[in-house]
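Working notes, beginning with the structure itself.
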Amino acid sequence: MPAMELRRLTRTDLDDCTRLAEDRGWLPERHKWGLLFEIGEVYGIDAPDGDGLAATNVLTRYGDDHAAISMVLTAARFERRGLGRRLMEHVLEQASGRTVSLYATDLGRPLYERLGFRVVGRAAKHTGVFKGEPSGRTRLATQADLDGILRLDAEAFGTDRSAALRRMFGFGERVRVAEGGFGHCWRNDDNTVIGPVVAGDEETARALIGDLALDAGGVVRMDFDLSKEPIIAWAGEHGIGEPWQVSMMVLDGDLPGDRARQWLPYMQALG
């Protein structure tokens, strides 16, 4: 096989990233890729036939101690040639001793286990049209709320993801706040994703999630940690179901922060 160049990608490669996603049966998710280019490091291997990219992945750093890996994709015609492992080894070197986390499909999990990742939980994508009434407990946030959101998130998430949170007002559809919590929703190709949601208790989390889902209208997506059974049951009672499960995996440490206050992730790609 001819040598394939591994390089840091730029936004000029965005079209090839979305083409590769579609090659693997994923949605193109151009909006999401755009955010990952802004706050993460997107790596790829050029296809030796000159037709786009053979493989990709993304490393997103949080502070000095944590990083998330995502968008691990290999073109169907280049499967089983070690490209996924090559990219993983590269980004793990770039992570510079940080604790690294990712969400793994059952297909990808064996590779990550060979690299030393361990399963620390299960999560599932839940989708549907939310049925309910406004809580009356949340309000739309403004830029003036951002400092408070960043302080609350730093306490709950346990490391610095301010680069992602500062982009919520431009990237997302809505940001809402409540006493002791905040939430955000953003438009993906075929639904509106609710996340992140951080709150000190389940009642506040429900208020934020429900109000954001009502703001969005139509099909919404929520990526719940499966250990949070009561709020998953509540979401199911309000029309959110059809779970699709993945494994939460970590290398060299533990997931940061207070997991009890982290109700929904920004997106699986950001941990």
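A note on labels: chains of the structure tokens are A, B, ... as shown, every chain counts residues from 1, and ligands are counted from 1 in their shown order.
Residue-level DSSP output for range 96-181 of chain A, from the backbone, shows helix (DSSP H, G or I) at Arg109, Pro110, Leu111, Tyr112, Glu113, Arg114, Gln143, Ala144, Asp145, Leu146, Asp147, Gly148, Ile149, Leu150, Arg151, Leu152, Asp153, Ala154, Glu155, Ala156, Phe157, Ser162, Ala163, Ala164, Leu165, Met168, Phe169, Gly170 and Phe171 of chain A.
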Please report as CSV every residue of range 83-177 of chain A lying within 10 Å of range 228-237 of chain A, along with the nearest atom pair and their distance in Å (one decimal), using only C-alpha atoms.
residue,atom,partner,partner_atom,distance
A:Ala123,CA,A:Lys228,CA,9.5
A:Ala124,CA,A:Ile232,CA,9.9
A:His126,CA,A:Ala235,CA,8.7
A:Thr127,CA,A:Gly236,CA,9.4
A:Gly128,CA,A:Gly236,CA,8.9
A:Phe130,CA,A:Ala235,CA,7.9
A:Lys131,CA,A:Glu237,CA,8.5
A:Gly132,CA,A:Glu237,CA,9.5
Expected file: the selected residues, N, CA and C atoms, as a PDB file, in the first residue's frame:
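Output (out_20.pdb):
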ATOM      1  N   ALA A 123     -23.968   4.689  27.673  1.00  0.00           N
ATOM      2  CA  ALA A 123     -24.837   5.818  27.371  1.00  0.00           C
ATOM      3  C   ALA A 123     -25.684   5.441  26.168  1.00  0.00           C
ATOM      4  N   ALA A 124     -26.721   6.213  25.936  1.00  0.00           N
ATOM      5  CA  ALA A 124     -27.583   5.927  24.788  1.00  0.00           C
ATOM      6  C   ALA A 124     -28.188   7.203  24.247  1.00  0.00           C
ATOM      7  N   HIS A 126     -31.228   8.966  22.794  1.00  0.00           N
ATOM      8  CA  HIS A 126     -32.682   8.847  22.826  1.00  0.00           C
ATOM      9  C   HIS A 126     -33.265   9.956  21.963  1.00  0.00           C
ATOM     10  N   THR A 127     -34.243   9.641  21.140  1.00  0.00           N
ATOM     11  CA  THR A 127     -34.842  10.640  20.262  1.00  0.00           C
ATOM     12  C   THR A 127     -36.364  10.575  20.328  1.00  0.00           C
ATOM     13  N   GLY A 128     -36.989  11.649  19.901  1.00  0.00           N
ATOM     14  CA  GLY A 128     -38.440  11.709  19.842  1.00  0.00           C
ATOM     15  C   GLY A 128     -38.911  13.147  19.864  1.00  0.00           C
ATOM     16  N   PHE A 130     -40.789  15.776  22.072  1.00  0.00           N
ATOM     17  CA  PHE A 130     -41.097  15.965  23.494  1.00  0.00           C
ATOM     18  C   PHE A 130     -42.516  16.486  23.655  1.00  0.00           C
ATOM     19  N   LYS A 131     -43.248  15.867  24.578  1.00  0.00           N
ATOM     20  CA  LYS A 131     -44.616  16.259  24.881  1.00  0.00           C
ATOM     21  C   LYS A 131     -44.669  16.730  26.333  1.00  0.00           C
ATOM     22  N   GLY A 132     -45.025  17.982  26.533  1.00  0.00           N
ATOM     23  CA  GLY A 132     -45.093  18.510  27.883  1.00  0.00           C
ATOM     24  C   GLY A 132     -45.424  19.987  27.863  1.00  0.00           C
TER      25      GLY A 132
END
With distances taken over only C-alpha atoms, the candidate from A:Cys185, A:Ile240, A:Leu264, A:Met222 nearest Ala205 in chain A is A:Leu264
Using only C-alpha atoms, what does the table of range 156-179 of chain A residues within 10 Å of range 64-84 of chain A look like, with each row giving the shortest atom pair and its distance in Å to one decimal, sorted by chain and ascending number, as JSON lines?
{"residue": "A:Gly158", "atom": "CA", "partner": "A:His66", "partner_atom": "CA", "distance": 9.4}
{"residue": "A:Thr159", "atom": "CA", "partner": "A:His66", "partner_atom": "CA", "distance": 7.2}
{"residue": "A:Asp160", "atom": "CA", "partner": "A:Asp64", "partner_atom": "CA", "distance": 8.4}
{"residue": "A:Arg161", "atom": "CA", "partner": "A:His66", "partner_atom": "CA", "distance": 9.7}
Those same residues - N, CA and C atoms - I'd like them written as a JSON list (two decimals), in the first residue's frame.
[["chain", "number", "residue", "atom", "x", "y", "z"],
["A", 158, "GLY", "N", -15.34, 19.71, 36.08],
["A", 158, "GLY", "CA", -14.07, 19.36, 36.69],
["A", 158, "GLY", "C", -12.84, 19.72, 35.89],
["A", 159, "THR", "N", -13.04, 20.37, 34.74],
["A", 159, "THR", "CA", -11.92, 20.84, 33.94],
["A", 159, "THR", "C", -12.44, 21.93, 33.01],
["A", 160, "ASP", "N", -11.57, 22.56, 32.26],
["A", 160, "ASP", "CA", -11.91, 23.76, 31.52],
["A", 160, "ASP", "C", -12.43, 23.44, 30.12],
["A", 161, "ARG", "N", -13.74, 23.58, 29.92],
["A", 161, "ARG", "CA", -14.29, 23.46, 28.57],
["A", 161, "ARG", "C", -14.92, 24.78, 28.12]]
Show which residues sit within 9 Å of Gly52 in chain A, as a PyMOL selection string. Count only C-alpha atoms, and ignore same-chain residues fewer than 2 positions away. chain A and resi 13+15-17+19-20+46-50+54
Pick from A:Gln245, A:Ala163, A:Leu140, A:Leu146: nearest to Leu208 in chain A, with only C-alpha atoms counted?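 Of all the options, A:Leu140 lies closest to Leu208 in chain A.
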Can you list every residue in range 24-269 of chain A that DSSP puts in strand (DSSP E), as a VMD selection string? chain A and resid 41 to 46 53 to 62 66 to 74 99 to 104 118 to 129 139 to 140 174 to 178 181 to 187 192 to 199 219 to 225 240 to 251 262 to 264
When distances are computed from only C-alpha atoms, which of A:Gly195, A:Glu93, A:Glu155, A:Met168 shows the smallest separation from Arg261 in chain A?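 Checking each candidate against Arg261 in chain A, we get A:Glu155 as the closest.
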